[in-house]
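Notes follow the structure.
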Amino acid sequence: MGAGRIPHPCRDRRRRGGAVNSTALLIRSGPRDRRPRLGEGFTCHPAHILVAEHAREITNDVGSHAKSFCLDRAEEECYILETCVRFPFTTAKNVTGFGMDRSALMPAFPRLQMILVFACEEAMPGNRITINREGRPVAQYRFTPAVVEALVRATRASTRIFFAAAPCASTPPPRRPASHREERDGPDRRAHRRPALQPGRISVSAAHVMCGCGMGAGPQDSVTAAPGRVHGAPWLRVADASLFADSVEINPYLTAMALADRVAGGIRAGAATLLTAHAAARV
């Protein structure tokens, strides 16, 4: 957890888009002064998972109920909780601890209950997508105090849910799983305070990457116009979550698909015009 410049792992640029790669493709495609807002406002709903160990097996990884429950506190407290299933590899990757700590936790996998928490942040100056010398995308992101506080509140709420379901122990994300767990009879509330969520002490993921090619009125305040048309290139369209002008306070998948459908409809309706404009640009 913290600020950083992280090369994106995607190597196949021909087949992948999204907020990261669509933005990087446009950066590689022309002068930045034509689109000064390109890459700005990157958001990602910072997230982590919490696990609680029950006394009996709960078959958390069986059936179709992986996303059956959601607690939406985005408007009031800037976080959302979702039930989730992390299979063994991703569970091991997303909780803290190494060696014997991990060996003590993973055999309890059939008894683990999991909650995904993510913070709903605002687009902030300096959080952006850019590229490195090899042309690969790099996400620059710094956690704000408001995001950290939202994750703290989400962690507290998740722990209350865990103990209401009567697990025998809960593992707060900043703690080492085997050596320091919260027991039902004596929860260590220090684990839920802001100082406990420090760089290097918690595994944080990007739940929903958004923005970078946001829609707006013109090139000085946006990269695209509705529906997804790139400023200065009327034949070129973007159709993914990079179109968001700011982070949304919900899971963005339905919104991204709706935007893609609108973009596709616009292409179909204006196909002849687009072909004419493209041909004129090549002359």
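Letters for chains follow the order of the structure tokens (A, B, ...), residue numbers begin at 1 for each chain, and ligand numbers begin at 1 in the order shown.
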For this session: Looking only at strand (DSSP E) from DSSP on the backbone, list the matching residues of region 54-163 of chain A as an MDAnalysis selection string.
Result: chainID A and resid 70:73 79:83 112:119 128:131 137:141
Exercise. Ala241 (chain A): which residues within 10 Å, counting only C-alpha atoms, same-chain residues fewer than 5 positions away excluded, as an NGL selection string?
Worked result: :A and (17-20 or 22 or 208-214 or 247 or 252-253 or 255-257 or 259-260)
Could you save those same residues with C-alpha atoms as a CSV table (one decimal), in the first residue's frame?
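Final output, out12.csv:
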chain,number,residue,atom,x,y,z
A,17,GLY,CA,-8.2,-2.4,-23.7
A,18,GLY,CA,-9.7,-1.0,-20.5
A,19,ALA,CA,-8.8,2.0,-18.5
A,20,VAL,CA,-5.1,1.2,-18.5
A,22,SER,CA,-6.8,2.1,-23.9
A,208,HIS,CA,-12.3,-1.6,-10.6
A,209,VAL,CA,-9.9,0.5,-12.9
A,210,MET,CA,-11.6,3.5,-14.3
A,211,CYS,CA,-11.0,6.9,-16.1
A,212,GLY,CA,-8.1,8.0,-18.2
A,213,CYS,CA,-10.1,8.8,-21.4
A,214,GLY,CA,-12.9,10.7,-19.7
A,247,SER,CA,-15.0,7.1,-10.0
A,252,PRO,CA,-18.9,-0.3,-12.6
A,253,TYR,CA,-19.3,-3.3,-14.8
A,255,THR,CA,-22.2,1.0,-16.5
A,256,ALA,CA,-19.1,0.1,-18.6
A,257,MET,CA,-21.2,-2.4,-20.7
A,259,LEU,CA,-21.4,2.7,-22.4
A,260,ALA,CA,-19.9,0.1,-24.8
Exercise. A:Pro227, A:Arg201, A:Leu254, A:Val238: which is nearest Gly270 (chain A), counting only C-alpha atoms?
Worked result: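 Result for the nearest residue to Gly270 (chain A): A:Pro227.
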For this session: Using DSSP on the backbone coordinates, identify the residues of region 15-236 of chain A assigned to helix (DSSP H, G or I); present them as a ChimeraX atom specification.
Result: /A:18-29,32-34,74-77,88-94,100-111,145-164,189-192,194-196
